[in-house]
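K.L.:
Let me give you the structure first, and then I'll get to my questions.
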Amino acid sequence: DWTSDSVIADQVARIREQVGTSRVICGLSGGVDSAVAAAIVHEAVADQLTCIFVDHGLLRQDERRQVEEDFVASTGVRLVTVDAVDQFLDALTGVSDPETKRKIIGREFIRCFESAADALVREAQADGEAIRFLVQGTLYPDVVESGGGSGTANIKSHHNVGGLPEDLQFELVEPLRALFKDEVRAIGRELGLPEAIVGRQPFPGPGLGIRIVGEVTRERLALLREADAIARAELTAAGLDAEIWQCPVVLLADVRSVGVQGDGRTYGHPIVLRPVSSEDAMTADWSRLPYDVLARISNRITNEVPGVNRVVLDVTSKPPGTIEWE
Ligand code: XMP
């Protein structure tokens, strides 16, 4: 019968057997799956593991710190952060089309990850060691969705910025392949990972880049990050996290409307709240949030986020609307 304890012990034994004395790398996204996969592998092979975290500048408030400080403190994992903010924002300059943005973000991610991995491979060679393995946080539903193939690096590539090229020279270590999301969260808690990571709601690989309708700029990211942090804080404070599947917060950067704030008229941007309830993200319904919670979020965002003078609520189910706006 299933306990987090026995799953961890079982995986630790398997990983040790698979990996031997080789070194191992793992990409962290800030999300649950990669964090738990890394933590189990670290439990098994300790310092043979190095994690790579790409900061593409499209993360939410506090996410980088959660990985660099809280995750590292709770696991002792060796982490390499790639600060690629300028690289991503340069590549996104002048681009508004959603698919083009996704392609650029995916391409730059692979470039960053590969060059970080190459550096680690060279470092290992200099030590007379090798890196033969790459950890992936593939879950059971991902296995089913992708037709059950194993051993290749063709994971979630259609839908995940972490999708890696097929020609990667690594064998995969996939300790979560038999598990569902709630089991992964239980294991993460058992391993003592920070609740902010273990309890995190789904967040797309391309991050805030696909939550700015229009060109992605530093200023717009800063603004959206603030609005998103306010919405998340208020939803959590209201005890609604368990009810909501996720709540994208979207900046309509190409739209302006007239407002009145303080002693003058403004011409600012709307923020869209997109709270949804769902089982698996394939279909979704808009969440009937309490009006007083919506009012608090709206008041705080318009008062605290400069340049935003309107907050609107998305009341579309999926289908026909997708959960994300891009
Ligand atoms: P949509 O917008 O298609 O989203 O209804 C369904 C779920 O997938 C998430 N999503 C992504 N996740 N990379 C990801 O890892 C992506 O490119 C991506 N696009 C959407 C979305 O947040 C929702 O949970």
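Every chain in the structure tokens takes a letter, A first, then B, and so on in the order presented; its residues are numbered from 1, and the ligands are numbered from 1 following the presented order.
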Taking the backbone alone, and naming residues the way the document does, which bits of stretch 166-284 of chain A are alpha helix (DSSP H) by DSSP, as an MDAnalysis selection string?
P.N.:
chainID A and resid 181:190 195:198 218:237
K.L.:
If we count only C-alpha atoms and set the cut-off at 10 Å, which residues sit around A:Pro175, ignoring sequence neighbours fewer than 4 positions away in its own chain? Please answer as a VMD selection string.
P.N.:
chain A and resid 7 to 8 10 to 12 14 to 15 36 to 38 40 to 41 135 to 139 179
K.L.:
Generate a file of the selected residues that holds C-alpha atoms, formatted as a JSON list (two decimals), in the first residue's frame.
P.N.:
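Final file, out19.json:
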[["chain", "number", "residue", "atom", "x", "y", "z"],
["A", 7, "VAL", "CA", 7.75, 5.46, -2.57],
["A", 8, "ILE", "CA", 10.76, 7.56, -1.61],
["A", 10, "ASP", "CA", 11.88, 2.57, -3.43],
["A", 11, "GLN", "CA", 12.88, 5.37, -5.79],
["A", 12, "VAL", "CA", 16.08, 6.11, -3.90],
["A", 14, "ARG", "CA", 16.26, 2.49, -8.07],
["A", 15, "ILE", "CA", 18.03, 5.78, -8.73],
["A", 36, "VAL", "CA", 10.33, 16.97, -6.04],
["A", 37, "ALA", "CA", 12.18, 14.97, -8.70],
["A", 38, "ALA", "CA", 15.40, 16.80, -7.84],
["A", 40, "ILE", "CA", 14.44, 12.54, -4.47],
["A", 41, "VAL", "CA", 17.49, 12.26, -6.68],
["A", 135, "VAL", "CA", 16.41, 14.17, -14.27],
["A", 136, "GLN", "CA", 12.90, 14.89, -15.53],
["A", 137, "GLY", "CA", 9.80, 15.44, -13.41],
["A", 138, "THR", "CA", 7.58, 13.43, -15.75],
["A", 139, "LEU", "CA", 4.32, 12.38, -14.06],
["A", 179, "LEU", "CA", 2.74, 9.22, -9.73]]
K.L.:
Show me which residues are within 10 Å of ligand 1 counting only C-alpha atoms and all ligand atoms, and format the list as a ChimeraX atom specification.
P.N.:
/A:29,31,99,102-103,105-106,156-163,201-207,210-211,245-248,276,278,280-284,317-326
K.L.:
Ranking A:Arg218, A:Leu176, A:Ser298, A:Val198 by minimum distance to A:Glu234 and counting only C-alpha atoms, which one comes first?
P.N.:
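Nearest to A:Glu234: A:Ser298.
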K.L.:
Considering only C-alpha atoms, state which residue in the set A:Leu273, A:Ile187, A:Arg23, A:Ala9 is at the smallest distance from A:Leu120.
P.N.:
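Checking each of A:Leu273, A:Ile187, A:Arg23, A:Ala9 against A:Leu120, counting only C-alpha atoms, the winner is A:Arg23.
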K.L.:
Would you kindly return, as number ranges by chain, each protein, DNA or RNA residue with an atom no farther than 8 Å from any atom of A:Ile271, considering only C-alpha atoms and excluding same-chain residues fewer than 4 positions away?
P.N.:
A: 227, 249-252, 308, 310-312
K.L.:
Please identify every residue of stretch 149-257 of chain A that has at least one atom no farther than 7 Å from an atom of stretch 49-60 of chain A, counting only C-alpha atoms, and for each give the shortest atom pair and the distance in Å to one decimal, arranged by chain then increasing number, as JSON lines.
P.N.:
{"residue": "A:Gly207", "atom": "CA", "partner": "A:Leu58", "partner_atom": "CA", "distance": 5.1}
{"residue": "A:Leu208", "atom": "CA", "partner": "A:Leu58", "partner_atom": "CA", "distance": 4.9}
{"residue": "A:Gly209", "atom": "CA", "partner": "A:Leu58", "partner_atom": "CA", "distance": 5.7}
{"residue": "A:Arg225", "atom": "CA", "partner": "A:Arg60", "partner_atom": "CA", "distance": 5.6}
K.L.:
So that I have them on file, write out the residues from the current selection with C-alpha atoms, as a CSV table (one decimal), in the first residue's frame.
P.N.:
chain,number,residue,atom,x,y,z
A,207,GLY,CA,5.6,32.4,-17.6
A,208,LEU,CA,4.4,36.0,-17.6
A,209,GLY,CA,5.6,36.3,-21.2
A,225,ARG,CA,4.3,40.9,-11.3
K.L.:
Which residue, A:Ala178, A:Val67, A:Ala116, A:Val272, has the smallest gap to A:Leu28 when you use only C-alpha atoms?
P.N.:
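Among A:Ala178, A:Val67, A:Ala116, A:Val272, it is A:Val67 that comes nearest to A:Leu28.
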K.L.:
Counting only C-alpha atoms, figure out which residue out of A:Leu89, A:Glu108, A:Ala44, A:Val82 gets nearest to A:Val173.
P.N.:
A:Ala44
K.L.:
Have a look at atom CA of A:Arg189 and atom CA of A:Ser277 and let me know their distance in Å, one decimal.
P.N.:
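Atom-to-atom, atom CA of A:Arg189 to atom CA of A:Ser277, that is 23.7 Å.
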